[in-house]
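File shown: query_36.pdb. Contents: PDB, C-alpha atoms.
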```pdb
ATOM      1  CA  MET A 937      -2.384  19.161 -21.194
ATOM      2  CA  ARG A 938      -3.783  21.471 -18.542
ATOM      3  CA  ASP A 939      -7.374  20.707 -19.617
ATOM      4  CA  PHE A 940      -6.618  16.994 -19.419
ATOM      5  CA  ARG A 941      -5.214  17.316 -15.906
ATOM      6  CA  ILE A 942      -8.272  19.249 -14.753
ATOM      7  CA  PHE A 943     -10.538  16.570 -16.232
ATOM      8  CA  LEU A 944      -8.456  13.812 -14.659
ATOM      9  CA  TYR A 945      -8.552  15.555 -11.312
ATOM     10  CA  PHE A 946     -12.346  15.640 -11.246
ATOM     11  CA  VAL A 947     -12.569  11.993 -12.330
ATOM     12  CA  LEU A 948     -10.311  11.014  -9.443
ATOM     13  CA  MET A 949     -12.373  13.136  -7.083
ATOM     14  CA  LEU A 950     -15.467  11.149  -8.059
ATOM     15  CA  ILE A 951     -13.635   7.867  -7.483
ATOM     16  CA  PHE A 952     -12.465   8.962  -4.036
ATOM     17  CA  ALA A 953     -15.919  10.258  -3.163
ATOM     18  CA  ALA A 954     -17.503   6.945  -4.127
ATOM     19  CA  GLY A 955     -14.997   5.057  -2.008
ATOM     20  CA  SER A 956     -15.408   7.263   1.029
ATOM     21  CA  ALA A 957     -19.187   6.926   0.830
ATOM     22  CA  SER A 958     -18.968   3.189   1.530
ATOM     23  CA  PRO A 959     -19.613   2.121   5.136
ATOM     24  CA  GLN A 960     -16.382   2.078   7.141
ATOM     25  CA  MET A 961     -17.235  -1.275   8.676
ATOM     26  CA  SER A 962     -17.901  -3.051   5.401
ATOM     27  CA  SER A 963     -16.593  -6.573   4.926
ATOM     28  CA  LEU A 964     -13.267  -5.114   3.817
ATOM     29  CA  GLY A 965     -13.284  -2.668   6.708
ATOM     30  CA  GLU A 966     -13.752  -5.511   9.182
ATOM     31  CA  LYS A 967     -10.824  -7.385   7.654
ATOM     32  CA  VAL A 968      -8.657  -4.271   7.839
ATOM     33  CA  VAL A 969      -9.463  -3.821  11.529
ATOM     34  CA  ALA A 970      -8.773  -7.485  12.311
ATOM     35  CA  LEU A 971      -5.529  -7.430  10.330
ATOM     36  CA  SER A 972      -4.468  -4.187  12.019
ATOM     37  CA  LYS A 973      -4.957  -5.820  15.416
ATOM     38  CA  TYR A 974      -2.853  -8.765  14.268
ATOM     39  CA  ILE A 975      -0.052  -6.449  13.128
ATOM     40  CA  GLY A 976      -0.184  -4.687  16.486
ATOM     41  CA  ASP A 977       0.770  -7.978  18.159
ATOM     42  CA  LEU A 978       3.889  -8.527  16.044
ATOM     43  CA  GLN A 979       7.404  -8.029  17.353
ATOM     44  CA  ALA A 980       8.715  -4.481  17.278
ATOM     45  CA  PRO A 981      10.596  -3.561  14.077
ATOM     46  CA  ASP A 982      14.376  -3.832  14.224
ATOM     47  CA  PRO A 983      16.699  -2.360  11.564
ATOM     48  CA  LYS A 984      19.160  -5.179  12.236
ATOM     49  CA  GLU A 985      16.599  -7.924  11.617
ATOM     50  CA  THR A 986      15.605  -7.653   7.952
ATOM     51  CA  GLU A 987      14.899 -11.389   7.683
ATOM     52  CA  ARG A 988      12.557 -11.209  10.648
ATOM     53  CA  GLU A 989      10.864  -8.176   9.131
ATOM     54  CA  LEU A 990      10.242 -10.095   5.916
ATOM     55  CA  SER A 991       8.887 -13.041   7.892
ATOM     56  CA  SER A 992       6.472 -10.615   9.532
ATOM     57  CA  VAL A 993       5.321  -9.441   6.100
ATOM     58  CA  ASP A 994       4.673 -13.065   5.134
ATOM     59  CA  SER A 995       2.692 -13.610   8.315
ATOM     60  CA  ILE A 996       0.584 -10.509   7.609
ATOM     61  CA  PHE A 997      -0.332 -11.837   4.176
ATOM     62  CA  ILE A 998      -1.040 -15.318   5.541
ATOM     63  CA  ARG A 999      -3.300 -13.804   8.197
ATOM     64  CA  ALA A1000      -5.073 -11.727   5.548
ATOM     65  CA  LEU A1001      -5.678 -14.892   3.530
ATOM     66  CA  SER A1002      -7.170 -16.551   6.594
ATOM     67  CA  LEU A1003      -9.460 -13.579   7.230
ATOM     68  CA  SER A1004     -10.496 -13.674   3.558
ATOM     69  CA  ASN A1005     -11.193 -17.423   3.470
ATOM     70  CA  GLY A1006      -8.375 -17.914   0.986
ATOM     71  CA  ASP A1007      -9.527 -15.213  -1.426
ATOM     72  CA  ILE A1008      -6.248 -13.736  -2.672
ATOM     73  CA  SER A1009      -7.797 -10.580  -4.095
ATOM     74  CA  GLU A1010      -9.546  -9.754  -0.820
ATOM     75  CA  ALA A1011      -6.407 -10.567   1.155
ATOM     76  CA  LEU A1012      -4.312  -8.196  -0.959
ATOM     77  CA  ALA A1013      -6.925  -5.460  -0.572
ATOM     78  CA  ALA A1014      -6.917  -5.871   3.211
ATOM     79  CA  CYS A1015      -3.112  -5.704   3.232
ATOM     80  CA  ILE A1016      -3.116  -2.457   1.257
ATOM     81  CA  TRP A1017      -5.265  -0.611   3.787
ATOM     82  CA  ALA A1018      -3.929  -2.254   6.933
ATOM     83  CA  CYS A1019      -0.351  -1.462   5.908
ATOM     84  CA  LEU A1020      -1.033   2.201   5.196
ATOM     85  CA  PRO A1021       0.664   4.251   7.946
ATOM     86  CA  VAL A1022      -1.702   7.202   7.426
ATOM     87  CA  ARG A1023      -5.465   7.569   7.825
ATOM     88  CA  ASN A1024      -6.059  10.116   5.095
ATOM     89  CA  THR A1025      -4.366  12.030   2.340
ATOM     90  CA  VAL A1026      -4.368  15.771   1.783
ATOM     91  CA  MET A1027      -4.242  17.064  -1.772
ATOM     92  CA  VAL A1028      -3.495  20.637  -2.745
ATOM     93  CA  THR A1029      -4.919  21.475  -6.154
ATOM     94  CA  PRO A1030      -2.292  22.873  -8.544
ATOM     95  CA  PHE A1031      -4.367  25.815  -9.758
ATOM     96  CA  THR A1032      -6.397  27.030  -6.798
ATOM     97  CA  GLY A1033      -4.326  25.801  -3.858
ATOM     98  CA  ILE A1034      -7.435  24.299  -2.254
ATOM     99  CA  LYS A1035      -6.726  21.560   0.312
ATOM    100  CA  LEU A1036      -8.803  18.398  -0.014
ATOM    101  CA  VAL A1037      -8.786  15.649   2.625
ATOM    102  CA  PHE A1038      -9.688  12.084   1.651
ATOM    103  CA  PRO A1039     -10.038   9.402   4.367
ATOM    104  CA  PHE A1040      -8.770   5.843   4.007
ATOM    105  CA  ILE A1041     -10.240   2.661   5.457
ATOM    106  CA  SER A1042      -8.616   2.211   8.851
ATOM    107  CA  ALA A1043      -9.104   0.902  12.372
ATOM    108  CA  ASP A1044      -9.977   2.857  15.510
ATOM    109  CA  ASP A1045      -7.361   5.223  16.950
ATOM    110  CA  GLU A1046      -5.853   2.810  19.482
ATOM    111  CA  THR A1047      -5.620  -0.089  17.030
ATOM    112  CA  PHE A1048      -4.299   2.150  14.261
ATOM    113  CA  LEU A1049      -1.529   3.624  16.408
ATOM    114  CA  GLY A1050      -0.592   0.221  17.824
ATOM    115  CA  LYS A1051      -0.441  -1.230  14.327
ATOM    116  CA  ASN A1052       1.807   1.557  13.091
ATOM    117  CA  LYS A1053       4.311   0.853  15.863
ATOM    118  CA  LYS A1054       4.682  -2.743  14.691
ATOM    119  CA  LEU A1055       4.439  -2.428  10.900
ATOM    120  CA  PRO A1056       7.516  -3.996   9.253
ATOM    121  CA  ARG A1057       9.661  -1.208   7.832
ATOM    122  CA  TYR A1058      13.243  -2.448   7.466
ATOM    123  CA  LEU A1059      12.476  -4.460   4.361
ATOM    124  CA  PHE A1060      15.646  -3.951   2.349
ATOM    125  CA  PHE A1061      19.361  -3.945   3.085
ATOM    126  CA  ASP A1062      19.420  -0.181   2.554
ATOM    127  CA  SER A1063      16.174   0.734   4.322
ATOM    128  CA  PRO A1064      16.751   3.984   6.244
ATOM    129  CA  ASP A1065      17.936   3.313   9.786
ATOM    130  CA  SER A1066      15.307   5.652  11.148
ATOM    131  CA  LYS A1067      12.088   5.352  13.112
ATOM    132  CA  SER A1068      10.008   5.205   9.930
ATOM    133  CA  GLY A1069      12.391   3.190   7.736
ATOM    134  CA  ASP A1070      10.482   2.060   4.635
ATOM    135  CA  ILE A1071       7.149   1.936   6.450
ATOM    136  CA  ASP A1072       5.206   3.216   3.433
ATOM    137  CA  LYS A1073       6.560   0.669   0.953
ATOM    138  CA  LEU A1074       4.272  -2.204   1.933
ATOM    139  CA  SER A1075       1.129  -0.410   0.788
ATOM    140  CA  HIS A1076       2.846   0.303  -2.548
ATOM    141  CA  PHE A1077       3.899  -3.337  -2.819
ATOM    142  CA  PHE A1078       0.491  -4.806  -1.996
ATOM    143  CA  GLY A1079      -1.313  -2.175  -4.072
ATOM    144  CA  ALA A1080       0.661  -3.066  -7.186
ATOM    145  CA  ALA A1081       0.209  -6.775  -6.454
ATOM    146  CA  TYR A1082      -3.553  -6.281  -6.187
ATOM    147  CA  LEU A1083      -3.768  -4.464  -9.521
ATOM    148  CA  GLU A1084      -1.597  -7.020 -11.289
ATOM    149  CA  TYR A1085      -3.331 -10.037  -9.767
ATOM    150  CA  ASN A1086      -6.766  -8.772 -10.776
ATOM    151  CA  LYS A1087      -5.584  -7.530 -14.187
ATOM    152  CA  ILE A1088      -7.959  -4.570 -13.884
ATOM    153  CA  ILE A1089      -6.395  -3.033 -16.995
ATOM    154  CA  PRO A1090      -4.054  -5.602 -18.615
ATOM    155  CA  GLY A1091      -0.468  -4.395 -18.853
ATOM    156  CA  SER A1092      -1.187  -1.114 -17.080
ATOM    157  CA  THR A1093       0.126  -1.681 -13.552
ATOM    158  CA  ASN A1094       3.567  -0.196 -14.191
ATOM    159  CA  PHE A1095       1.993   2.854 -15.788
ATOM    160  CA  ILE A1096      -0.482   3.279 -12.937
ATOM    161  CA  GLY A1097       2.349   3.138 -10.399
ATOM    162  CA  TRP A1098       4.286   5.777 -12.304
ATOM    163  CA  PHE A1099       1.153   7.863 -12.787
ATOM    164  CA  VAL A1100       0.378   7.846  -9.061
ATOM    165  CA  GLU A1101       3.846   9.220  -8.368
ATOM    166  CA  VAL A1102       3.389  11.985 -10.949
ATOM    167  CA  PHE A1103      -0.097  12.700  -9.637
ATOM    168  CA  GLU A1104       1.190  12.995  -6.065
ATOM    169  CA  GLU A1105       3.872  15.419  -7.172
ATOM    170  CA  SER A1106       1.470  17.515  -9.260
ATOM    171  CA  PHE A1107      -1.119  17.726  -6.492
ATOM    172  CA  LYS A1108       1.481  18.202  -3.752
ATOM    173  CA  VAL A1109       0.553  14.950  -2.022
ATOM    174  CA  ASP A1110       4.257  14.197  -1.842
ATOM    175  CA  SER A1111       7.307  16.315  -2.503
ATOM    176  CA  LYS A1112       8.800  14.433  -5.438
ATOM    177  CA  ILE A1113       8.680  11.218  -7.428
ATOM    178  CA  SER A1114      10.198   8.394  -5.352
ATOM    179  CA  ARG A1115      12.301   5.785  -7.112
ATOM    180  CA  ARG A1116      12.004   3.541  -4.062
ATOM    181  CA  ASP A1117       8.217   3.650  -4.364
ATOM    182  CA  LEU A1118       8.479   2.657  -8.015
ATOM    183  CA  ILE A1119      10.780  -0.244  -7.117
ATOM    184  CA  ALA A1120       8.290  -1.404  -4.476
ATOM    185  CA  ASN A1121       5.578  -1.182  -7.138
ATOM    186  CA  SER A1122       7.645  -3.316  -9.530
ATOM    187  CA  LEU A1123       8.221  -5.984  -6.889
ATOM    188  CA  GLY A1124       4.509  -5.966  -6.114
ATOM    189  CA  ILE A1125       3.707  -6.462  -9.794
ATOM    190  CA  MET A1126       5.942  -9.523  -9.818
ATOM    191  CA  PHE A1127       4.199 -10.854  -6.710
ATOM    192  CA  GLY A1128       0.721 -10.289  -8.149
ATOM    193  CA  ASP A1129       1.670 -11.940 -11.428
ATOM    194  CA  GLY A1130       3.256 -14.838  -9.577
ATOM    195  CA  LEU A1131       0.130 -15.409  -7.485
ATOM    196  CA  ARG A1132      -1.876 -15.934 -10.651
ATOM    197  CA  LYS A1133       0.348 -18.911 -11.423
ATOM    198  CA  ASN A1134       1.086 -20.179  -7.915
ATOM    199  CA  GLU A1135      -1.281 -19.364  -5.048
ATOM    200  CA  ASN A1136       1.249 -20.486  -2.439
ATOM    201  CA  LEU A1137       3.763 -17.699  -3.032
ATOM    202  CA  LEU A1138       4.681 -15.311  -0.222
ATOM    203  CA  PRO A1139       5.716 -11.631  -0.363
ATOM    204  CA  SER A1140       9.237 -12.155   0.993
ATOM    205  CA  LYS A1141      10.259 -14.112  -2.108
ATOM    206  CA  PHE A1142       9.818 -10.947  -4.148
ATOM    207  CA  LEU A1143      10.882  -8.336  -1.614
ATOM    208  CA  LYS A1144      14.226 -10.145  -1.476
ATOM    209  CA  LEU A1145      14.696  -9.348  -5.174
ATOM    210  CA  TYR A1146      15.074  -5.666  -4.340
ATOM    211  CA  GLN A1147      17.915  -3.877  -6.073
ATOM    212  CA  PRO A1148      18.397  -0.114  -5.668
ATOM    213  CA  VAL A1149      18.458   2.093  -8.739
ATOM    214  CA  LYS A1150      21.917   3.580  -9.214
TER     215      LYS A1150
END
```
If you took the structure in this file and wrote it as structure tokens, what would it be?
Amino acid sequence: MRDFRIFLYFVLMLIFAAGSASPQMSSLGEKVVALSKYIGDLQAPDPKETERELSSVDSIFIRALSLSNGDISEALAACIWACLPVRNTVMVTPFTGIKLVFPFISADDETFLGKNKKLPRYLFFDSPDSKSGDIDKLSHFFGAAYLEYNKIIPGSTNFIGWFVEVFEESFKVDSKISRRDLIANSLGIMFGDGLRKNENLLPSKFLKLYQPVK
């Protein structure tokens, strides 16, 4: 098991390295910047206005579709990166304790910070009534939707979502496996699958299906 994890770690390192080597202002990068600017012009998040928050999520996806000329896959990809509230991730290897920093596609500092202030975050009836709320759940949702819509590995999206949580815990990217992240992944899978059958679907239809795990 340990040998497998070491092998897997180096494979993932190569994937991240390949991604970070791409020009920041690629076609996707330009869409992410434009979408980030759009998000920065939304109304400020309000924990008492869940319906409005969900409408904002719909508008983000609609804007992404417009920027992508109707290409759903590209729109979902832009949403993943634009909705990420962080610009990089730091991994601590489980055996050596070495810290590795991997950058994400993001906008300039001013646009990024402005976008983060307006990102919808009170998505569910039990979203934390805090400054951050569920701000990280949209990237999980759109990420799972992207994988499911593109059927990169048929039937694997649920496993990938679970694996990412385990990977984050093992490499100290996050403190523990989050059930709320997994729920967001599941809702995203439903959205991605639905888009394959009906291109007119919007995220809110599926985010409203949220039910907490008891």
Checklist entry - With distances taken over all atoms listed in the file, which of A:Gly1124, A:Pro983, A:Pro1039, A:Gly976 is nearest to Pro1139 (chain A)? => result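 Going through A:Gly1124, A:Pro983, A:Pro1039, A:Gly976 one by one, the smallest distance to Pro1139 (chain A) is for A:Gly1124.
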Checklist entry - Expanded to explicit residues, what is the PyMOL selection byres ((chain A and resi 1062) around 10) for this file, as an MDAnalysis selection string? => result chainID A and resid 983 986 1058:1061 1063:1065 1069:1070 1146:1148
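One finds CA of Asp1072 (chain A) at 17.7 Å from CA of Arg988 (chain A).
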Checklist entry - What's the 10 Å shell around His1076 (chain A), counting all atoms listed in the file, without same-chain residues fewer than 2 positions away, as a PyMOL selection string? => result chain A and resi 1016+1019-1020+1072-1074+1078-1082+1097+1116-1125
Checklist entry - Which value, in Å to one decimal, gives the distance between CA of Ala980 (chain A) and CA of Asp994 (chain A)? => result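 Between CA of Ala980 (chain A) and CA of Asp994 (chain A) the gap is 15.4 Å.
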Checklist outcome for this item: For Glu989 (chain A), the closest of A:Leu1138, A:Ile1041, A:Leu1055, A:Leu1145 counting all atoms listed in the file is A:Leu1055
Checklist entry - Between A:Leu1036, A:Val1149, A:Val968, A:Leu1131, which has the minimum distance to Lys1087 (chain A) (counting all atoms listed in the file)? => result A:Leu1131
Checklist entry - Looking at A:Ser1002, A:Ser1042, A:Asn1086, A:Asn1052, which one is nearest to Arg1132 (chain A), with distances taken over only C-alpha atoms? => result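 Checking each candidate against Arg1132 (chain A), we get A:Asn1086 as the closest.
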Return the padded bounding box of region 980-998 of chain A as JSON: axis-aligned, built from all atoms listed in the file, 3 Å added on each side, with centre and edge lengths in Å to one decimal.
```
{"center_x": 9.1, "center_y": -8.8, "center_z": 10.7, "size_x": 26.2, "size_y": 19.0, "size_z": 19.1}
```
Checklist outcome for this item: If you count all atoms listed in the file, the residue of A:Ser1114, A:Ser972, A:Asn1024, A:Ser1068 closest to Glu1046 (chain A) turns out to be A:Ser972
Next on the checklist: Measuring between all atoms listed in the file, which one of A:Tyr1085, A:Leu1143, A:Lys984, A:Phe1040 shows the shortest distance to Asp1007 (chain A)?
Outcome noted: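 Comparing A:Tyr1085, A:Leu1143, A:Lys984, A:Phe1040 against Asp1007 (chain A), the winner is A:Tyr1085.
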Next on the checklist: Evaluated on this file, the PyMOL selection byres ((chain A and resi 1136) around 12) picks out some residues - which ones are they, written as a list in words?
Outcome noted: Asp994, Phe997, Ile998, Leu1001, Gly1006, Ile1008, Phe1127, Gly1128, Gly1130, Leu1131, Arg1132, Lys1133, Asn1134, Glu1135, Leu1137, Leu1138, Pro1139 and Lys1141 of chain A
Kindly export the residues of the current selection with C-alpha atoms, as a tab-separated table (two decimals), in the frame of the given file.
```
chain	number	residue	atom	x	y	z
A	994	ASP	CA	4.67	-13.06	5.13
A	997	PHE	CA	-0.33	-11.84	4.18
A	998	ILE	CA	-1.04	-15.32	5.54
A	1001	LEU	CA	-5.68	-14.89	3.53
A	1006	GLY	CA	-8.38	-17.91	0.99
A	1008	ILE	CA	-6.25	-13.74	-2.67
A	1127	PHE	CA	4.20	-10.85	-6.71
A	1128	GLY	CA	0.72	-10.29	-8.15
A	1130	GLY	CA	3.26	-14.84	-9.58
A	1131	LEU	CA	0.13	-15.41	-7.48
A	1132	ARG	CA	-1.88	-15.93	-10.65
A	1133	LYS	CA	0.35	-18.91	-11.42
A	1134	ASN	CA	1.09	-20.18	-7.92
A	1135	GLU	CA	-1.28	-19.36	-5.05
A	1137	LEU	CA	3.76	-17.70	-3.03
A	1138	LEU	CA	4.68	-15.31	-0.22
A	1139	PRO	CA	5.72	-11.63	-0.36
A	1141	LYS	CA	10.26	-14.11	-2.11
```
Checklist entry - What is the distance, in Å and to one decimal place, between CA of Glu966 (chain A) and CA of Ile1071 (chain A)? => result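 Computed distance, CA of Glu966 (chain A) to CA of Ile1071 (chain A), equals 22.4 Å.
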Checklist entry - Taking the file as shown, what set of residues would the PyMOL selection byres ((chain A and resi 1037) around 6) give back, as a ChimeraX atom specification? => result /A:1025-1026,1036,1038
Next on the checklist: Which residues are close to Leu964 (chain A), i.e. within 12 Å by only C-alpha atoms, leaving aside same-chain residues fewer than 4 positions away? Reply as a PyMOL selection string.
Outcome noted: chain A and resi 955+958-960+968-971+1000+1003-1004+1007+1009-1018+1040-1043
For C-alpha atoms, I'd like the residues from the last selection saved as a tab-separated table (two decimals), in the frame of the given file.
```tsv
chain	number	residue	atom	x	y	z
A	955	GLY	CA	-15.00	5.06	-2.01
A	958	SER	CA	-18.97	3.19	1.53
A	959	PRO	CA	-19.61	2.12	5.14
A	960	GLN	CA	-16.38	2.08	7.14
A	968	VAL	CA	-8.66	-4.27	7.84
A	969	VAL	CA	-9.46	-3.82	11.53
A	970	ALA	CA	-8.77	-7.48	12.31
A	971	LEU	CA	-5.53	-7.43	10.33
A	1000	ALA	CA	-5.07	-11.73	5.55
A	1003	LEU	CA	-9.46	-13.58	7.23
A	1004	SER	CA	-10.50	-13.67	3.56
A	1007	ASP	CA	-9.53	-15.21	-1.43
A	1009	SER	CA	-7.80	-10.58	-4.10
A	1010	GLU	CA	-9.55	-9.75	-0.82
A	1011	ALA	CA	-6.41	-10.57	1.16
A	1012	LEU	CA	-4.31	-8.20	-0.96
A	1013	ALA	CA	-6.92	-5.46	-0.57
A	1014	ALA	CA	-6.92	-5.87	3.21
A	1015	CYS	CA	-3.11	-5.70	3.23
A	1016	ILE	CA	-3.12	-2.46	1.26
A	1017	TRP	CA	-5.26	-0.61	3.79
A	1018	ALA	CA	-3.93	-2.25	6.93
A	1040	PHE	CA	-8.77	5.84	4.01
A	1041	ILE	CA	-10.24	2.66	5.46
A	1042	SER	CA	-8.62	2.21	8.85
A	1043	ALA	CA	-9.10	0.90	12.37
```
